[in-house]
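Engineer: mmCIF, C-alpha atoms and all ligand atoms, saved as entry-v1.cif, coming up:
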data_input
loop_
_atom_site.label_atom_id
_atom_site.label_comp_id
_atom_site.auth_asym_id
_atom_site.auth_seq_id
_atom_site.Cartn_x
_atom_site.Cartn_y
_atom_site.Cartn_z
CA MET A 1 -45.70 -34.63 142.17
CA GLN A 2 -47.36 -37.00 139.74
CA HIS A 3 -46.04 -40.54 139.35
CA ASP A 4 -46.07 -42.81 136.31
CA GLN A 5 -48.80 -45.15 137.60
CA TRP A 6 -51.38 -42.38 137.56
CA ARG A 7 -54.32 -42.58 135.19
CA MET A 8 -57.30 -40.33 135.72
CA PRO A 9 -60.62 -42.20 136.12
CA ASP A 10 -62.71 -41.97 133.01
CA ARG A 11 -65.72 -39.72 133.67
CA SER A 12 -68.18 -41.82 131.73
CA GLU A 13 -67.02 -45.02 133.45
CA ALA A 14 -67.46 -43.32 136.82
CA GLU A 15 -70.98 -42.20 135.95
CA GLU A 16 -71.90 -45.56 134.47
CA PHE A 17 -70.88 -47.26 137.71
CA ILE A 18 -72.71 -44.82 139.99
CA ARG A 19 -75.85 -45.29 137.87
CA LEU A 20 -75.52 -49.07 138.02
CA PHE A 21 -75.12 -48.95 141.80
CA HIS A 22 -78.25 -46.84 142.19
CA ALA A 23 -80.21 -48.94 139.70
CA GLU A 24 -79.48 -52.10 141.71
CA HIS A 25 -79.73 -50.34 145.10
CA PRO A 26 -82.56 -47.82 144.94
CA ASN A 27 -83.39 -45.58 147.92
CA GLN A 28 -79.87 -44.51 148.81
CA PRO A 29 -79.52 -41.86 151.54
CA VAL A 30 -77.77 -39.68 148.94
CA PRO A 31 -79.91 -39.61 145.77
CA LEU A 32 -78.37 -40.45 142.39
CA SER A 33 -78.35 -36.90 141.01
CA MET A 34 -76.57 -35.57 144.07
CA ARG A 35 -73.98 -38.34 144.09
CA LEU A 36 -73.31 -37.85 140.38
CA ARG A 37 -72.73 -34.15 140.94
CA GLN A 38 -70.36 -34.93 143.84
CA VAL A 39 -68.36 -37.41 141.77
CA ARG A 40 -68.04 -34.95 138.85
CA GLU A 41 -66.89 -32.20 141.20
CA HIS A 42 -64.27 -34.45 142.78
CA LEU A 43 -63.03 -35.51 139.37
CA ASP A 44 -62.71 -31.85 138.33
CA THR A 45 -61.03 -30.73 141.54
CA TYR A 46 -58.82 -33.67 142.55
CA GLY A 47 -58.63 -35.75 139.38
CA THR A 48 -60.22 -38.69 141.17
CA TYR A 49 -63.09 -39.58 143.53
CA ARG A 50 -63.54 -41.86 146.50
CA HIS A 51 -65.96 -44.78 146.60
CA THR A 52 -68.30 -45.00 149.55
CA ARG A 53 -68.22 -48.19 151.58
CA ALA A 54 -71.45 -49.37 149.89
CA GLU A 55 -70.09 -48.60 146.40
CA LEU A 56 -66.89 -50.50 147.17
CA ASP A 57 -68.81 -53.57 148.36
CA PHE A 58 -71.05 -53.49 145.31
CA GLY A 59 -68.22 -52.81 142.88
CA ALA A 60 -66.12 -55.72 144.12
CA ARG A 61 -69.09 -58.10 144.04
CA VAL A 62 -70.05 -57.09 140.53
CA ALA A 63 -66.45 -57.49 139.36
CA TRP A 64 -66.79 -61.12 140.49
CA ARG A 65 -70.23 -61.39 138.85
CA ASN A 66 -68.62 -60.24 135.60
CA ALA A 67 -65.58 -62.57 135.76
CA SER A 68 -66.18 -64.60 132.64
CA ARG A 69 -63.63 -67.29 133.50
CA CYS A 70 -65.12 -68.12 136.90
CA ILE A 71 -67.52 -71.04 137.25
CA GLY A 72 -68.17 -70.27 140.94
CA ARG A 73 -70.17 -67.07 140.59
CA LEU A 74 -73.45 -68.29 142.11
CA TYR A 75 -72.41 -66.79 145.46
CA TRP A 76 -71.23 -63.40 144.18
CA LYS A 77 -73.53 -61.50 146.56
CA SER A 78 -71.94 -63.11 149.60
CA LEU A 79 -68.41 -61.86 148.87
CA ARG A 80 -66.96 -60.31 152.04
CA VAL A 81 -65.29 -57.02 151.26
CA ILE A 82 -62.59 -55.72 153.59
CA ASP A 83 -61.73 -52.05 153.19
CA ARG A 84 -57.94 -51.72 153.54
CA ARG A 85 -57.62 -48.36 151.82
CA ALA A 86 -55.98 -46.88 154.93
CA ALA A 87 -53.00 -49.29 154.88
CA VAL A 88 -49.93 -47.41 153.59
CA THR A 89 -46.68 -48.81 154.95
CA ALA A 90 -45.33 -52.22 153.92
CA ASP A 91 -45.90 -53.48 157.48
CA GLU A 92 -49.54 -52.34 157.40
CA ILE A 93 -50.08 -53.96 154.03
CA TYR A 94 -48.48 -57.20 155.22
CA ALA A 95 -50.69 -57.17 158.33
CA GLY A 96 -53.75 -56.76 156.09
CA LEU A 97 -52.68 -59.68 153.91
CA CYS A 98 -52.18 -61.89 156.99
CA ASP A 99 -55.65 -60.92 158.24
CA HIS A 100 -57.08 -61.81 154.85
CA LEU A 101 -55.53 -65.26 154.92
CA ARG A 102 -56.71 -65.90 158.48
CA LEU A 103 -60.29 -64.71 157.90
CA ALA A 104 -60.65 -66.37 154.50
CA THR A 105 -59.23 -69.70 155.70
CA ASN A 106 -61.50 -69.68 158.75
CA HIS A 107 -60.10 -73.05 159.96
CA GLY A 108 -61.14 -74.73 156.72
CA ARG A 109 -64.63 -73.24 156.40
CA VAL A 110 -63.30 -71.09 153.55
CA ARG A 111 -65.07 -67.75 152.97
CA PRO A 112 -65.05 -65.88 149.63
CA MET A 113 -63.37 -62.61 150.47
CA ILE A 114 -61.58 -59.61 148.98
CA SER A 115 -59.35 -57.03 150.67
CA VAL A 116 -59.30 -53.74 148.79
CA PHE A 117 -56.16 -51.66 149.29
CA ALA A 118 -55.65 -48.02 148.32
CA PRO A 119 -56.09 -46.98 144.69
CA ALA A 120 -53.44 -44.83 143.06
CA THR A 121 -54.05 -41.07 143.43
CA PRO A 122 -52.41 -38.28 141.42
CA ASP A 123 -49.68 -37.90 144.04
CA ARG A 124 -49.35 -41.40 145.47
CA ALA A 125 -48.86 -44.77 143.77
CA ALA A 126 -50.92 -47.74 144.92
CA PRO A 127 -49.44 -50.52 147.04
CA LEU A 128 -48.52 -53.72 145.21
CA VAL A 129 -47.86 -57.37 145.87
CA TRP A 130 -45.66 -59.08 143.30
CA ASN A 131 -46.87 -62.62 144.06
CA SER A 132 -49.63 -64.02 141.87
CA GLN A 133 -51.26 -65.64 144.92
CA LEU A 134 -50.62 -65.06 148.63
CA VAL A 135 -49.71 -68.74 148.99
CA ARG A 136 -47.64 -70.46 146.33
CA TYR A 137 -44.98 -73.15 146.29
CA ALA A 138 -41.47 -72.42 145.04
CA GLY A 139 -40.12 -74.10 141.93
CA TYR A 140 -36.51 -74.97 141.18
CA ARG A 141 -34.52 -76.41 138.34
CA ASP A 142 -31.02 -77.69 139.20
CA ARG A 143 -27.97 -77.54 137.03
CA ASP A 144 -28.58 -81.05 135.69
CA GLY A 145 -32.12 -80.03 134.71
CA THR A 146 -33.99 -81.84 137.51
CA ALA A 147 -37.30 -80.14 138.26
CA ILE A 148 -38.31 -79.69 141.91
CA GLY A 149 -41.45 -77.96 143.16
CA ASP A 150 -43.96 -75.89 141.17
CA GLN A 151 -42.41 -75.33 137.74
CA GLY A 152 -44.88 -72.48 137.21
CA GLN A 153 -43.01 -70.54 139.93
CA THR A 154 -39.35 -70.90 138.89
CA GLY A 155 -39.10 -67.33 137.56
CA PHE A 156 -40.71 -65.81 140.64
CA THR A 157 -38.61 -68.08 142.88
CA ASP A 158 -35.46 -66.68 141.23
CA THR A 159 -36.73 -63.15 141.86
CA VAL A 160 -37.29 -63.66 145.59
CA ARG A 161 -33.89 -65.37 145.89
CA ARG A 162 -32.28 -62.30 144.36
CA LEU A 163 -34.17 -60.23 146.94
CA GLY A 164 -32.52 -62.33 149.64
CA TRP A 165 -34.82 -65.32 150.27
CA GLN A 166 -33.03 -68.43 151.53
CA ALA A 167 -34.61 -71.19 149.45
CA PRO A 168 -35.03 -74.54 151.24
CA GLY A 169 -35.06 -76.36 147.89
CA GLY A 170 -38.01 -78.63 148.68
CA TRP A 171 -41.10 -79.70 146.77
CA PHE A 172 -43.61 -77.56 148.69
CA ASP A 173 -41.77 -74.50 150.05
CA ILE A 174 -44.13 -71.60 150.66
CA LEU A 175 -42.81 -68.52 148.89
CA PRO A 176 -42.39 -65.26 150.80
CA LEU A 177 -44.56 -62.25 150.00
CA VAL A 178 -43.06 -59.38 148.04
CA VAL A 179 -44.81 -56.25 149.28
CA GLN A 180 -44.20 -52.89 147.67
CA ALA A 181 -45.49 -49.85 149.54
CA PRO A 182 -46.18 -46.65 147.55
CA GLY A 183 -42.96 -45.17 146.25
CA ASP A 184 -40.86 -47.77 148.10
CA LYS A 185 -38.60 -50.70 147.30
CA PRO A 186 -40.12 -54.20 147.46
CA GLN A 187 -39.87 -55.92 150.85
CA LEU A 188 -39.85 -59.64 151.62
CA TYR A 189 -42.11 -61.12 154.29
CA ASP A 190 -42.48 -64.73 155.34
CA LEU A 191 -46.05 -65.83 155.92
CA PRO A 192 -46.53 -67.09 159.48
CA ARG A 193 -46.70 -70.92 159.25
CA GLU A 194 -49.84 -71.08 161.34
CA LEU A 195 -51.72 -68.91 158.82
CA VAL A 196 -51.16 -71.27 155.90
CA LEU A 197 -53.54 -74.19 156.10
CA GLU A 198 -52.36 -77.13 153.99
CA VAL A 199 -53.85 -80.52 153.18
CA PRO A 200 -51.70 -83.66 152.90
CA LEU A 201 -52.96 -85.72 149.98
CA SER A 202 -54.04 -89.33 150.35
CA HIS A 203 -56.27 -91.66 148.35
CA PRO A 204 -59.19 -93.60 149.89
CA ASP A 205 -58.24 -96.85 148.10
CA PHE A 206 -54.47 -96.64 147.52
CA PRO A 207 -52.46 -96.29 150.75
CA GLY A 208 -49.32 -95.74 148.67
CA PHE A 209 -50.66 -92.38 147.49
CA ALA A 210 -50.04 -90.73 150.87
CA ARG A 211 -46.40 -91.87 150.72
CA LEU A 212 -45.85 -89.68 147.64
CA GLY A 213 -45.78 -86.82 150.16
CA LEU A 214 -48.02 -84.53 148.10
CA ARG A 215 -49.94 -81.63 149.60
CA TRP A 216 -51.75 -78.47 148.58
CA TYR A 217 -52.74 -75.26 150.34
CA ALA A 218 -56.34 -74.67 151.34
CA VAL A 219 -57.07 -71.24 149.89
CA PRO A 220 -56.15 -69.70 146.53
CA VAL A 221 -55.87 -65.92 147.08
CA ILE A 222 -55.26 -64.19 143.74
CA SER A 223 -53.10 -61.15 144.43
CA HIS A 224 -51.94 -59.78 141.07
CA MET A 225 -55.22 -58.75 139.44
CA ARG A 226 -56.32 -55.14 139.27
CA LEU A 227 -59.84 -54.41 140.43
CA SER A 228 -61.40 -51.68 138.33
CA ILE A 229 -64.54 -49.95 139.61
CA GLY A 230 -66.09 -46.90 137.99
CA GLY A 231 -62.79 -45.87 136.40
CA VAL A 232 -60.87 -46.19 139.67
CA ASP A 233 -58.08 -48.80 139.70
CA TYR A 234 -57.24 -50.88 142.74
CA PRO A 235 -54.01 -52.66 141.74
CA LEU A 236 -53.89 -54.52 145.07
CA ALA A 237 -57.19 -56.25 145.85
CA PRO A 238 -56.42 -59.88 146.75
CA PHE A 239 -59.49 -62.14 146.56
CA ASN A 240 -60.34 -65.77 147.07
CA GLY A 241 -63.02 -68.39 146.83
CA TRP A 242 -62.67 -72.03 147.75
CA TYR A 243 -61.03 -74.56 145.46
CA MET A 244 -62.71 -76.71 142.86
CA GLY A 245 -60.83 -80.02 143.01
CA THR A 246 -59.84 -80.07 139.34
CA GLU A 247 -57.77 -76.88 139.71
CA ILE A 248 -55.38 -78.90 141.86
CA GLY A 249 -55.97 -82.47 140.63
CA ALA A 250 -56.15 -81.80 136.90
CA ARG A 251 -53.92 -78.73 136.49
CA ASN A 252 -51.54 -77.74 139.31
CA LEU A 253 -50.31 -81.27 140.00
CA VAL A 254 -50.65 -82.48 136.43
CA ASP A 255 -49.69 -79.87 133.83
CA PRO A 256 -46.27 -80.69 132.33
CA ASP A 257 -45.08 -77.17 133.20
CA ARG A 258 -46.34 -77.43 136.81
CA TYR A 259 -45.84 -80.61 138.93
CA ASN A 260 -46.14 -83.05 136.02
CA LEU A 261 -47.18 -85.94 138.26
CA LEU A 262 -49.20 -88.22 135.98
CA PRO A 263 -46.24 -90.57 135.32
CA VAL A 264 -45.55 -90.77 139.07
CA VAL A 265 -49.19 -91.59 139.89
CA ALA A 266 -49.38 -94.10 137.04
CA ARG A 267 -46.34 -95.95 138.40
CA LEU A 268 -47.90 -96.01 141.87
CA LEU A 269 -51.12 -97.46 140.45
CA GLY A 270 -49.19 -100.01 138.41
CA LEU A 271 -50.69 -98.85 135.11
CA ASP A 272 -49.44 -100.00 131.73
CA THR A 273 -47.82 -96.87 130.27
CA SER A 274 -46.40 -98.60 127.18
CA SER A 275 -49.04 -97.10 124.91
CA GLU A 276 -51.31 -94.04 124.94
CA SER A 277 -54.28 -96.23 124.11
CA THR A 278 -54.24 -97.89 127.55
CA LEU A 279 -55.52 -94.45 128.70
CA TRP A 280 -53.12 -94.61 131.65
CA ARG A 281 -53.03 -90.80 131.75
CA ASP A 282 -56.80 -90.60 132.07
CA ARG A 283 -56.91 -93.23 134.81
CA ALA A 284 -54.10 -91.57 136.77
CA LEU A 285 -55.87 -88.23 136.32
CA VAL A 286 -59.17 -89.43 137.76
CA GLU A 287 -57.47 -91.09 140.75
CA THR A 288 -55.50 -87.90 141.44
CA ASN A 289 -58.74 -85.92 141.48
CA ILE A 290 -60.35 -88.46 143.80
CA ALA A 291 -57.36 -88.06 146.13
CA VAL A 292 -57.68 -84.25 146.17
CA LEU A 293 -61.41 -84.23 146.97
CA HIS A 294 -61.06 -87.03 149.52
CA SER A 295 -58.13 -85.34 151.29
CA PHE A 296 -59.73 -81.89 151.56
CA GLU A 297 -62.96 -83.44 152.84
CA ALA A 298 -61.05 -85.57 155.36
CA ALA A 299 -59.18 -82.48 156.57
CA GLY A 300 -62.40 -80.46 156.94
CA VAL A 301 -61.36 -77.96 154.28
CA LYS A 302 -64.08 -76.64 152.00
CA ILE A 303 -63.75 -77.77 148.39
CA THR A 304 -66.16 -78.49 145.56
CA ASP A 305 -66.24 -81.00 142.70
CA HIS A 306 -66.74 -80.07 139.06
CA HIS A 307 -70.13 -81.78 138.68
CA THR A 308 -71.66 -79.86 141.59
CA GLU A 309 -70.07 -76.61 140.49
CA SER A 310 -71.26 -77.02 136.89
CA ARG A 311 -74.84 -77.42 138.08
CA ARG A 312 -74.50 -74.39 140.35
CA PHE A 313 -73.24 -72.35 137.44
CA LEU A 314 -76.37 -73.18 135.44
CA THR A 315 -78.45 -72.11 138.44
CA HIS A 316 -76.49 -68.86 138.41
CA LEU A 317 -77.22 -68.37 134.70
CA ALA A 318 -80.93 -68.91 135.27
CA ARG A 319 -81.04 -66.51 138.23
CA GLU A 320 -79.18 -63.79 136.39
CA GLU A 321 -81.40 -64.22 133.37
CA GLU A 322 -84.41 -63.68 135.63
CA GLU A 323 -82.83 -60.42 136.80
CA GLY A 324 -82.52 -59.41 133.15
CA ARG A 325 -78.72 -59.55 133.15
CA ILE A 326 -76.40 -61.33 130.78
CA VAL A 327 -73.73 -63.61 132.18
CA PRO A 328 -70.50 -63.24 130.27
CA ALA A 329 -68.63 -66.55 130.21
CA ASP A 330 -65.57 -68.01 128.53
CA TRP A 331 -66.39 -71.57 127.47
CA SER A 332 -62.77 -72.72 127.52
CA TRP A 333 -62.41 -71.69 131.16
CA ILE A 334 -65.89 -72.68 132.37
CA VAL A 335 -65.75 -76.26 131.10
CA PRO A 336 -63.80 -78.33 133.67
CA PRO A 337 -60.47 -79.86 132.59
CA VAL A 338 -61.71 -83.38 133.29
CA SER A 339 -64.92 -85.00 132.08
CA GLY A 340 -65.98 -81.86 130.23
CA GLY A 341 -68.65 -83.57 128.20
CA ILE A 342 -70.38 -85.14 131.20
CA THR A 343 -70.90 -81.77 132.86
CA PRO A 344 -73.89 -79.69 131.71
CA VAL A 345 -71.81 -76.54 131.12
CA PHE A 346 -70.17 -78.24 128.10
CA HIS A 347 -73.32 -78.42 126.00
CA ARG A 348 -73.96 -74.78 125.25
CA TYR A 349 -72.40 -71.45 124.32
CA TYR A 350 -72.15 -68.28 126.38
CA ASP A 351 -72.27 -64.51 126.02
CA GLU A 352 -68.80 -63.07 125.67
CA ALA A 353 -69.33 -59.46 126.77
CA GLU A 354 -66.72 -57.58 128.81
CA LEU A 355 -68.72 -55.90 131.54
CA ARG A 356 -67.61 -53.41 134.18
CA PRO A 357 -66.61 -53.39 137.07
CA ALA A 358 -64.00 -56.05 136.36
CA PHE A 359 -60.79 -57.77 137.36
CA HIS A 360 -57.87 -57.37 134.96
CA LEU A 361 -54.52 -59.06 134.67
CA ASP A 362 -52.09 -56.43 133.39
CA ALA A 363 -48.93 -57.28 131.49
CA GLU A 364 -46.81 -55.59 134.20
CA ALA A 365 -48.43 -57.61 136.98
CA ARG A 366 -48.06 -60.80 134.98
CA ALA A 367 -44.37 -60.00 134.42
CA ARG A 368 -43.73 -59.27 138.12
CA ALA A 369 -45.35 -62.56 139.11
CA ALA A 370 -43.38 -64.43 136.45
CA GLY A 371 -40.15 -63.01 137.82
CA GLY A 372 -39.53 -61.05 134.65
CA CYS A 373 -38.78 -57.39 134.37
CA PRO A 374 -41.88 -55.25 133.92
CA ALA A 375 -41.55 -53.03 130.87
CA GLY A 376 -39.61 -49.87 131.54
CA HIS A 377 -38.19 -50.96 134.92
N1 LIG A 401 -56.58 -72.02 139.54
C1 LIG A 401 -55.90 -71.34 140.60
C2 LIG A 401 -55.12 -72.32 141.44
O1 LIG A 401 -55.19 -73.49 141.20
C3 LIG A 401 -56.87 -70.58 141.48
C4 LIG A 401 -57.86 -69.67 140.77
C5 LIG A 401 -59.04 -69.26 141.63
N2 LIG A 401 -59.78 -70.41 142.05
C6 LIG A 401 -60.83 -70.40 142.88
N3 LIG A 401 -61.38 -71.53 143.19
N4 LIG A 401 -61.29 -69.28 143.37
O2 LIG A 401 -54.46 -71.99 142.39
#
Represent the structure contained in this file as structure tokens.
Ligand code: ARG
Structural biologist:
Amino acid sequence: MQHDQWRMPDRSEAEEFIRLFHAEHPNQPVPLSMRLRQVREHLDTYGTYRHTRAELDFGARVAWRNASRCIGRLYWKSLRVIDRRAAVTADEIYAGLCDHLRLATNHGRVRPMISVFAPATPDRAAPLVWNSQLVRYAGYRDRDGTAIGDQGQTGFTDTVRRLGWQAPGGWFDILPLVVQAPGDKPQLYDLPRELVLEVPLSHPDFPGFARLGLRWYAVPVISHMRLSIGGVDYPLAPFNGWYMGTEIGARNLVDPDRYNLLPVVARLLGLDTSSESTLWRDRALVETNIAVLHSFEAAGVKITDHHTESRRFLTHLAREEEEGRIVPADWSWIVPPVSGGITPVFHRYYDEAELRPAFHLDAEARARAAGGCPAGH
């Protein structure tokens, strides 16, 4: 029986991908014409086709190469691709997610990695994870309006509480995973503590910073984006790189609708907050970013700064240009959220093409991760 998630792969997208794969990897054991015929036959007979291991590796890497919001694409070829298409039950999916976290964390020597789970087929839905990242901190708002934890996660935190999670109510509580096996109800799983590497934050010059009790997790594993390769959708394909410090120090800890910590840091530093023109926000922001980079480095956890990463991105642009490819990029995401104008990526414009394969954030996935009700459910 067909299910509502099913969407037949587009023939021309499938062919376009197979051609791209062969163009960038000539001399395949199965020649292009034969593979194209095979794919067309499978589409006609089964309504879908199956990627070979080599096609899956290439497709996932090119989806990263095409991710116009990512500044870290220089290493796209080194993405490790784990084939998890055989995982079906919630327990198997959970085990695969735990393996991903362990292998990607690699004791702090973080490896860019993606685990690709089963695509939907005409008669079976794809597995799903509702979380936006494998590791996230809960967010709460008490009756009197006091904000605790990651305010970006309050909706999702409510969802997992309704599913039965006992919330500790702290500032950095790791949320459970919500795993949904094909055709099944969502299941809660706690991540094993030992799999979640975290870094306590301290500042090299201000001992008081450590006493704020701040921390962040080592590896951001995005788990709610659909990987689309040659017309085939992989709704569960969690992937990670390593952090750039500003993601934590200029956004997660700082955005008013996240941890909103600039006033707290300013007080610690004894800054004059009586007027905007003292630039107390800017000073607190820079010191917070120094603390993040310092702490990750001290803990032996791979991280990068925005100056280094901006230069690497320009290297990436030059290399891709040499290969005759365009690099689609979104200026507002590529330019770092601190010191934009003193990084080289600020001073130019970029191509804005939407190339395939690609990662997509669907409205339904966004709604699940926000704790809302996906349309129609
Ligand atoms: N910005 C997100 C976060 O702070 C992570 C996005 C992916 N980042 C990365 N370095 N691969 O958690």
Engineer: In Å, with one decimal, what is the gap from atom CA of A:Asp158 to atom CA of A:Asn131?
Structural biologist: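 Atom CA of A:Asp158 sits 12.4 Å away from atom CA of A:Asn131.
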Engineer: Kindly indicate which residue among A:Glu352, A:Glu309, A:Asp190, A:Asp99 lies nearest to A:Trp242, using only C-alpha atoms for the distances.
Structural biologist: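 With only C-alpha atoms as the atom set, the closest residue is A:Glu309.
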Engineer: So how many Å separate atom CA of A:Glu287 and atom CA of A:Thr154, to one decimal?
Structural biologist: 27.2 Å
Engineer: Excluding stretch 319-335 of chain A and any residue of its chain fewer than 4 positions from it, enumerate the residues within 6 Å of it, using only C-alpha atoms, and give them as a PyMOL selection string.
Structural biologist: chain A and resi 68-69+71+340+346+350-353
Engineer: For atom CA of A:Ala367 and atom CA of A:Leu227, quote the distance in Å rounded to one decimal.
Structural biologist: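 According to the coordinates, atom CA of A:Ala367 and atom CA of A:Leu227 are separated by 17.5 Å.
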Engineer: Residues within 9 Å of ligand LIG 401 (chain A) (all atoms listed in the file), as a PDB file with C-alpha atoms, in the coordinates of the input?
Structural biologist:
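Written out: part_15.pdb:
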ATOM      1  CA  CYS A  70     -65.120 -68.120 136.900  1.00  0.00           C
ATOM      2  CA  ILE A  71     -67.520 -71.040 137.250  1.00  0.00           C
ATOM      3  CA  GLY A  72     -68.170 -70.270 140.940  1.00  0.00           C
ATOM      4  CA  PRO A 112     -65.050 -65.880 149.630  1.00  0.00           C
ATOM      5  CA  GLN A 133     -51.260 -65.640 144.920  1.00  0.00           C
ATOM      6  CA  VAL A 135     -49.710 -68.740 148.990  1.00  0.00           C
ATOM      7  CA  ARG A 136     -47.640 -70.460 146.330  1.00  0.00           C
ATOM      8  CA  TYR A 217     -52.740 -75.260 150.340  1.00  0.00           C
ATOM      9  CA  VAL A 219     -57.070 -71.240 149.890  1.00  0.00           C
ATOM     10  CA  PRO A 220     -56.150 -69.700 146.530  1.00  0.00           C
ATOM     11  CA  VAL A 221     -55.870 -65.920 147.080  1.00  0.00           C
ATOM     12  CA  ILE A 222     -55.260 -64.190 143.740  1.00  0.00           C
ATOM     13  CA  PHE A 239     -59.490 -62.140 146.560  1.00  0.00           C
ATOM     14  CA  ASN A 240     -60.340 -65.770 147.070  1.00  0.00           C
ATOM     15  CA  GLY A 241     -63.020 -68.390 146.830  1.00  0.00           C
ATOM     16  CA  TRP A 242     -62.670 -72.030 147.750  1.00  0.00           C
ATOM     17  CA  TYR A 243     -61.030 -74.560 145.460  1.00  0.00           C
ATOM     18  CA  MET A 244     -62.710 -76.710 142.860  1.00  0.00           C
ATOM     19  CA  GLY A 245     -60.830 -80.020 143.010  1.00  0.00           C
ATOM     20  CA  THR A 246     -59.840 -80.070 139.340  1.00  0.00           C
ATOM     21  CA  GLU A 247     -57.770 -76.880 139.710  1.00  0.00           C
ATOM     22  CA  ILE A 248     -55.380 -78.900 141.860  1.00  0.00           C
ATOM     23  CA  ARG A 251     -53.920 -78.730 136.490  1.00  0.00           C
ATOM     24  CA  ASN A 252     -51.540 -77.740 139.310  1.00  0.00           C
ATOM     25  CA  ILE A 303     -63.750 -77.770 148.390  1.00  0.00           C
ATOM     26  CA  THR A 304     -66.160 -78.490 145.560  1.00  0.00           C
TER      27      THR A 304
END
